[in-house]
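What follows is a set of notes on a single structure, which appears directly below.
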Amino acid sequence: MKKTVDILIIGGGAAGLGAALGAVEAGAKEILLVDRKNRLGGILTQCVHSGFGLKVFGEELTGPEFASRLARKLAETPVEVWLNAFVLSISPAKEALISSRDGLYQVSAKTIIYATGCLERTPGMIQLPGTRPSGVLTAGLAQLYLNEYGYLPGKKAFILGSGDIGLIMARRLSLEGAKVLGVAEIMPYSNGLVRNKVQCLDDFGIPLYLSHTVSRVYGNHHLEAIDLVKVDEEGKIIQGTEEHIECDLLLLSVGLLPNVGILKNAGARIGESKGAAVDGSLMTSLPGVFSAGNSLHVHDLADEAYLEGIEAGKAAVNCLKGVPEHRTMTPLSHNENIGYLVPSYYDESYLGDLLIKFRCRRPKEKCVIMVIADGEIIKTINKISMLPSEMEIIRIPKKLLKNNLKTIEVILEDRL
Amino acid sequence: MKLQTTCIICPRGCRLTVEDDLTVSGNSCPRGERYGRQEATDPRRSVSSTIRIDSTLVKMCPVHTSAPFPKAKIPALMEAIKPLSAKAPVHMGEAVCQNLLGTGIDLLISEDIER
Amino acid sequence: MQDVIIIGAGVIGTLIARNLSAYQTDVLVLEKNLDVGDGASGANSAIVHSGYDPIPGTKKAEYNVRGNAMFDQLSRELGVPFRRIGSLTLAFDEEGEQKLSELLNRAKQNGVPAEILFGYDAIKEKEPHVPKEVKAALYCPTAGIVDPFLLTARAMENALDNGAKLHLGEAVTAIKPIDGGYEVQTPKATYQTRYVINAAGAYADEIAKMMGLDKWKIIPKKGQYFVLDHFGPFVKTVLFPLPSQKGKGMLVTPTTAGNYLVGPSSSIEESKDDVSTDSLTLAQVKEGGAKLVDQLPLKEAIRVYAGLRSSIEGGDFVIEESKPGFLNLIGIDSPGLASSPYIGKLVAEMAESRLHLTKKKNWNPFVSRIKLANLSLEERAKLIKENPDYGEIICTCEKISLGEIRQELRTSLPCLTIKAMKKRTRCGFGKCQGGFCQARILEEIARANGKKLEEINYGFPDSFQLKEASK
């Protein structure tokens with residue numbers, strides 16, 4: 001079956017909903033949003049905790065509330081929504097193949113917004129040493145089992161990685177009657193938000209082991225125990241510091257990766273955020289294909305992913321008049337104190353301001369951010385402190401950016 | 001006694017100091033001041049959980065307290081939630097249970113679940 | 001009385017069962033695990049070796065070459081992915097070139113087509129990813145790759161469809177001779193049988209010991225591997241280093257699913273169940289693999305695993321009827337997978353000559369399945385119209401539909417565990433490792449088997465994935 005639309009949005013989570021609402025606001029009419037799940041909201045629906053919506057709605061909401069509010073907004077628009085539908089492939093010509101219970105559809109779109117969220121890093125990806133028993137789960141899967149299925153995967157848990165999902169799960173498991181024995185973080189600082197450490201660990205007396213990791217998993221069938229070890233400044237295991245801990249559940253909260261599979265298969269270039277390499281309008285290397293949210297780079301807050309979705313939605317509408325024939329693609333670079341930076345390029349044909357988003361590589365105090373275009377400092381921001389777990393967003397007004405720029409550099413340095 | 005705590009109202013996480021006379025320092029906004037005082041006198045936390053639901057879409061329905069709940073009573077609250085259940089359709093904001101454990105706080109549905 | 005009991009449902013046991021199911025006979029397979037192929041058959045290099053490596057005149061040499069030749073027909077009949085992609089054994093210096101000519105000689109004696117390619121340019125034509133420093137390579141076009149999970153499962157299913165029986169989760173605890181055969185005991189039942197085939201892999205020595213045969217000792221040799229995602233085009237042939245005392249060495253190969261494997265290491269173990277991995281060995285695997293390709297994209301690694309080779313002293317396969325009606329298969333390590341079709345046939349014939357069996361007239365050698373990836377868009381659309389389950393994609397990494405999952409739950413071969421479903425359909429084999437689809441799959445398995453979610457195991461017995469309902 002064939003269908004033609006102006007904008008195809010892949011993913012109905014925070015970013016995809018933002019993209020749809022942004023596109024509607026900018027005047028688009030024929031929008032199709034496709035999601036694999038049976039309801040809108042993406043991962044938000046399993047995030048039953050509060051902490052969402054402060055930026056977007058000015059009040060604190062739970063994940064499902066945030067999702068439902070956005071879904072209600074969407075219901076008032078002409079956006080067509082397909083649920084239980086999965087995009088098998090997209091092409092650079094913006095033809096999508098979509099499978100659903102209703103059939104197989106070939107959808108031809110003028111623009112595509114890719115907003116498929118992220119994946120969790122798995123035990124295999126980090127090559128967790130030891131056996132591979134049941135009872136070793138990513139924190140997100142455990143969250144799905146507990147919150148959407150009503151099941152505890154174990155009663156004596158340990159958590160590797162201090163990412164926010166891990167911290168949130170420490171609290172959820174404790175509230176639901178499991179004992180959480182501790183959280184190990186290989187870095188000398190926590191990777192989650194400070195308030196999550198306070199209300200998820202401190203409130204329950206759960207120890208946070210900084211500069212620690214799990215050096216071995218035991219159990220041939222189900223998880224029986226782990227070895228917790230100290231690491232040195234380079235993250236290497238310090239022999240002789242092993243502590244054997246019996247547990248029946250090990251959760252991994254060791255990072256998220258943009259889910260780029262389908263976009264990568266279509267030939268889009270991947271950037272250093274591990275999401276697509278985009279220009280300032282969030283357009284990927286495939287003209288007319290945009291990316292936003294966690295599939296572009298991992299955000300701290302769903303609010304940010306939503307707002308990025310709105311930007312992508314507006315940019316996609318702008319593109320309906322015609323894909324820019326010539327993209328200038330000035331590369332954005334950064335110094336070693338910055339972990340990654342989005343966007344990868346600046347295309348001067350885009351009329352919006354340039355939003356630069358990045359994370360510092362390690363915690364910094366009293367530092368300065370400078371944006372340098374062709375050798376000239378165009379923006380300076382002083383910061384009291386910065387953490388890798390907190391994304392920095394800098395807005396560069398369009399008027400500060402000259403034409404025919406060769407380079408744009410973002411520098412993060414200690415303040416003298 | 002002086003209380004050192006971290007504000008949990010927003011992701012910023014200000015380090016607060018609450019003196020015996022309940023003056024708060026370290027906060028960046030008035031909400032932090034309110035939080036500091038509350039934490040020193042009657043600590044409360046927002047509680048989110050799930051209850052069973054009769055629905056064709058989901059098995060569990062997310063719920064949350066209508067206001068931060070007295071910390072000491074949270075274990076009893078979790079027990080009180082256990083037997084509760086709902087039947088679709090439900091909508092966010094609807095109360096599943098009112099005046100939880102006599103606190104005047106209600107348990108609210110977090111998600112629109114239509115069927 | 002049962003005619004034949006096969007102990008162990010690895011690739012050897014199941015292929016023997018399939019061959020025996022062509023005769024008019026009662027075959028029962030006893031397996032201690034909850035699925036077929038959960039031992040070495042499910043954790044190896046997934047390679048159908050050409051047979052240039054085993055010493056001429058050994059059983060390994062003969063059975064490997066004969067087994068290899070049977071794969072085209074077998075994989076077609078059972079619908080198992082198999083590709084003859086050829087192998088290259090790489091040499092980087094003159095000493096290595098010398099070694100290659102010895103191997104070429106061995107290949108000729110074993111009846112394996114082989115040739116030596118000299119120089120980077122010639123080798124690059126077969127495999128663009130070899131390092132520039134390569135001097136020569138032994139090219140063996142008959143080497144192949146197979147899906148060992150499906151080979152084992154489909155062989156068993158085909159045997160079941162033809163009347164064989166399978167009892168999962170039943171470990172043999174004792175065997176004793178009785179009039180006209182043997183009595184085989186498990187914690188659940190006692191069986192009487194005319195013929196026993198011991199295909200217990202790592203535990204074959206212990207089964208033999210139950211009948212007083214203590215001349216064998218299995219020495220488990222662990223091999224650790226990396227699995228890389230199907231990230232795009234990479235090696236298209238099996239790449240070996242020169243073989244050494246320790247074995248064929250660490251290889252780099254594509255799999256039939258488009259992933260890539262790097263490994264295995266080789267270390268002698270005490271335990272027959274310890275399939276743990278460790279960072280030190282994996283670093284060696286990485287180093288070994290890196291020698292065979294110009295760039296090893298280990299950032300694409302999505303999983304590590306280890307398997308245990310069931311090796312014995314002496315090194316050759318032992319396949320013998322040690323006592324009348326008691327047949328032992330001991331030390332079936334590499335090239336066991338490549339040899340398995342021939343061993344299956346051979347052992348069935350050995351049993352047949354003892355039991356004087358007659359062939360069935362209506363034996364059906366085929367297993368068929370719907371696999372969306374093999375269908376045209378039109379066929380796919382039509383199928384979804386007939387059964388919408390085929391339109392609902394559950395595993396988003398491997399793009400497996402609900403229809404394909406439910407299909408596996410309707411066959412004669414039970415699918416009781418998450419791992420069994422993973423091996424049948426590839427659900428959970430992708431980058432997210434089941435993060436997105438596992439809960440749905442758990443539900444489907446539980447429903448089809450009439451169980452609660454917490455009763456479903458991940459793989460082995462007592463490997464629950466969910467402990468208890470939270471409310």
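As shown in the structure tokens, the chain order sets the letters A, B, ...; within each chain, residues go from 1, and ligands are also counted from 1 in the order they appear.
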Query raised in the report: Do you know which residues are at most 8 Å from A:Thr62 counting only C-alpha atoms, after dropping those on the same chain fewer than 6 positions away, and could you put them as number ranges by chain?
Result: A: 47-52; B: 48, 64, 110
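Residues of chain B that DSSP places in alpha helix (DSSP H), based on the backbone of this structure, are B:Pro30, B:Arg31, B:Gly32, B:Glu33, B:Arg34, B:Tyr35, B:Gly36, B:Arg37, B:Gln38, B:Glu39, B:Ala40, B:Thr41, B:Ile74, B:Pro75, B:Ala76, B:Leu77, B:Met78, B:Glu79, B:Ala80, B:Ile81.
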Requested in this report: Tell me which protein, DNA and RNA residues are within 6 Å of A:Ser291, counting only C-alpha atoms, leaving out same-chain ones fewer than 3 positions away, and put them as a PyMOL selection string.
Outcome: chain A and resi 113-115+282+296
Residues as selected, C-alpha atoms, written as a short mmCIF file (atom, residue, chain, number, x, y, z; two decimals), in the first residue's frame, can you do that?
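What ended up in part_3.cif:
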```cif
data_model
loop_
_atom_site.label_atom_id
_atom_site.label_comp_id
_atom_site.auth_asym_id
_atom_site.auth_seq_id
_atom_site.Cartn_x
_atom_site.Cartn_y
_atom_site.Cartn_z
CA ILE A 113 12.20 13.44 11.28
CA TYR A 114 14.04 10.61 12.95
CA ALA A 115 13.33 10.52 16.69
CA LEU A 282 19.15 19.34 12.76
CA LEU A 296 20.60 12.44 17.96
#
```
**Report entry** For B:Thr6, the nearest of the candidates A:Arg195, A:Lys73, A:Arg171, A:Lys321, counting only C-alpha atoms
**Finding:** A:Arg195
For the interface of chain B with chain A (cut-off 7 Å, counting only C-alpha atoms), please tabulate each contacting residue of chain B alongside its nearest pair of atoms and their separation in Å to one decimal, rows sorted by chain and increasing number, as a Markdown table.
```
| residue | atom | partner | partner_atom | distance |
| --- | --- | --- | --- | --- |
| B:Thr6 | CA | A:Arg195 | CA | 6.8 |
| B:Cys7 | CA | A:Arg195 | CA | 6.7 |
| B:Ile8 | CA | A:Arg195 | CA | 4.7 |
| B:Pro11 | CA | A:Arg195 | CA | 6.4 |
| B:Gly13 | CA | A:Arg195 | CA | 5.4 |
| B:Ser48 | CA | A:His49 | CA | 5.3 |
| B:Ser49 | CA | A:Val48 | CA | 6.6 |
| B:Thr50 | CA | A:Asn147 | CA | 6.4 |
| B:Leu57 | CA | A:Asn38 | CA | 6.9 |
| B:Val58 | CA | A:Glu148 | CA | 6.9 |
| B:Lys59 | CA | A:Tyr149 | CA | 5.9 |
| B:Met60 | CA | A:Glu148 | CA | 5.3 |
| B:Pro62 | CA | A:Val48 | CA | 5.9 |
| B:Met78 | CA | A:Leu175 | CA | 6.9 |
| B:Met92 | CA | A:Glu65 | CA | 6.5 |
| B:Ser110 | CA | A:Glu65 | CA | 5.1 |
| B:Glu111 | CA | A:Pro64 | CA | 5.0 |
| B:Asp112 | CA | A:Ser68 | CA | 5.9 |
```
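For chain A, the residues within 6 Å of chain C are Ser99, Ser100, Arg101, Gly103, Leu104, Gly124, Met125, Pro129, Gly130, Thr131, Ser134, Gly135, Leu141, Gly150, Tyr151, Leu152, Pro153, Gly154, His221 and His222 of chain A, with only C-alpha atoms used to measure distance.
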Query - Counting only C-alpha atoms, chain B residues within 8 Å of chain C, as a VMD selection string - result: chain B and resid 51 to 52 82 to 83
Output C-alpha atoms for every residue in the selection just made, as a PDB file, in the first residue's frame.
```
ATOM      1  CA  ILE B  51      -1.410  -0.247  40.538  1.00  0.00           C
ATOM      2  CA  ARG B  52      -2.986  -3.108  38.613  1.00  0.00           C
ATOM      3  CA  LYS B  82      -0.704  -2.771  46.913  1.00  0.00           C
ATOM      4  CA  PRO B  83      -4.310  -4.011  46.835  1.00  0.00           C
TER       5      PRO B  83
END
```
Query raised in the report: Quick one: residues within 6 Å of stretch 133-150 of chain C, only C-alpha atoms counted, chain neighbours fewer than 3 positions away excluded, as an NGL selection string?
Result: :C and (42 or 46-50 or 80-92 or 114-120 or 153-154 or 423)
Requested in this report: Please indicate the distance in Å from atom CA of A:Tyr346 to atom CA of A:Asn404, rounded to one decimal place.
Outcome: 10.3 Å
Query raised in the report: Could you pull the residues within 10 Å of B:Pro89, counting only C-alpha atoms, minus those fewer than 6 positions along the same chain, as a VMD selection string?
Result: chain B and resid 53 to 55 112 to 115
**Report entry** Secondary structure check, strand (DSSP E) residues of stretch 33-213 of chain C, as a PyMOL selection string
**Finding:** chain C and resi 47-48+82-83+87-91+115-118+136-140+144-146+165-167+174-178+181-185+190-198
Any chance you can output those residues with C-alpha atoms as an mmCIF file, in the first residue's frame?
```cif
data_model
loop_
_atom_site.group_PDB
_atom_site.id
_atom_site.type_symbol
_atom_site.label_atom_id
_atom_site.label_comp_id
_atom_site.auth_asym_id
_atom_site.auth_seq_id
_atom_site.Cartn_x
_atom_site.Cartn_y
_atom_site.Cartn_z
ATOM 1 C CA ILE C 47 32.060 -22.646 10.991
ATOM 2 C CA VAL C 48 31.842 -25.621 8.682
ATOM 3 C CA PHE C 82 24.394 -22.045 5.425
ATOM 4 C CA ARG C 83 26.864 -20.352 3.099
ATOM 5 C CA SER C 87 38.408 -19.666 4.200
ATOM 6 C CA LEU C 88 41.809 -18.017 4.050
ATOM 7 C CA THR C 89 44.635 -19.062 6.337
ATOM 8 C CA LEU C 90 47.064 -16.206 6.438
ATOM 9 C CA ALA C 91 50.867 -16.247 6.545
ATOM 10 C CA GLU C 115 45.281 -23.472 -3.245
ATOM 11 C CA ILE C 116 47.899 -21.037 -2.026
ATOM 12 C CA LEU C 117 47.523 -17.421 -3.045
ATOM 13 C CA PHE C 118 50.685 -15.336 -3.025
ATOM 14 C CA ALA C 136 50.439 -15.770 1.342
ATOM 15 C CA ALA C 137 47.186 -17.495 2.153
ATOM 16 C CA LEU C 138 45.749 -20.970 1.876
ATOM 17 C CA TYR C 139 42.379 -20.615 0.207
ATOM 18 C CA CYS C 140 39.828 -23.349 0.829
ATOM 19 C CA GLY C 144 31.354 -22.469 5.131
ATOM 20 C CA ILE C 145 29.343 -20.856 7.888
ATOM 21 C CA VAL C 146 26.131 -22.196 9.372
ATOM 22 C CA LYS C 165 10.480 -38.157 21.272
ATOM 23 C CA LEU C 166 12.379 -35.565 23.314
ATOM 24 C CA HIS C 167 12.411 -35.084 27.069
ATOM 25 C CA ALA C 174 22.345 -44.036 36.149
ATOM 26 C CA ILE C 175 22.528 -46.703 33.456
ATOM 27 C CA LYS C 176 22.564 -50.440 34.038
ATOM 28 C CA PRO C 177 22.452 -53.437 31.755
ATOM 29 C CA ILE C 178 19.259 -55.515 31.683
ATOM 30 C CA GLY C 181 19.338 -53.814 26.633
ATOM 31 C CA TYR C 182 19.754 -51.177 29.279
ATOM 32 C CA GLU C 183 17.884 -49.351 31.974
ATOM 33 C CA VAL C 184 18.379 -45.604 31.924
ATOM 34 C CA GLN C 185 17.454 -43.591 34.974
ATOM 35 C CA THR C 190 13.285 -45.056 34.456
ATOM 36 C CA TYR C 191 13.442 -46.173 30.832
ATOM 37 C CA GLN C 192 14.278 -49.514 29.317
ATOM 38 C CA THR C 193 15.923 -49.500 25.937
ATOM 39 C CA ARG C 194 17.623 -51.858 23.521
ATOM 40 C CA TYR C 195 20.268 -49.344 22.524
ATOM 41 C CA VAL C 196 21.952 -46.359 24.191
ATOM 42 C CA ILE C 197 23.808 -43.626 22.351
ATOM 43 C CA ASN C 198 25.949 -41.429 24.558
#
```
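The neighbours of stretch 106-111 of chain C here are the residues that come within 12 Å of it, using only C-alpha atoms and leaving out any residue fewer than 5 positions away in the same chain; they are His49, Ser50, Gly51, Tyr52, Asp53, Pro54, Ile55, Pro56, Gly57, Thr58, Lys59, Lys60, Ala61, Glu62, Tyr63, Asn64, Val65, Arg66, Asn68, Ala69, Lys99, Leu100, Ser101, Ile116, Leu138, Tyr139, Cys140, Pro141 and Thr142 of chain C.
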Query raised in the report: At what distance in Å, to one decimal, does atom CA of C:Ile7 lie from atom CA of C:Ala200?
Result: 5.7 Å
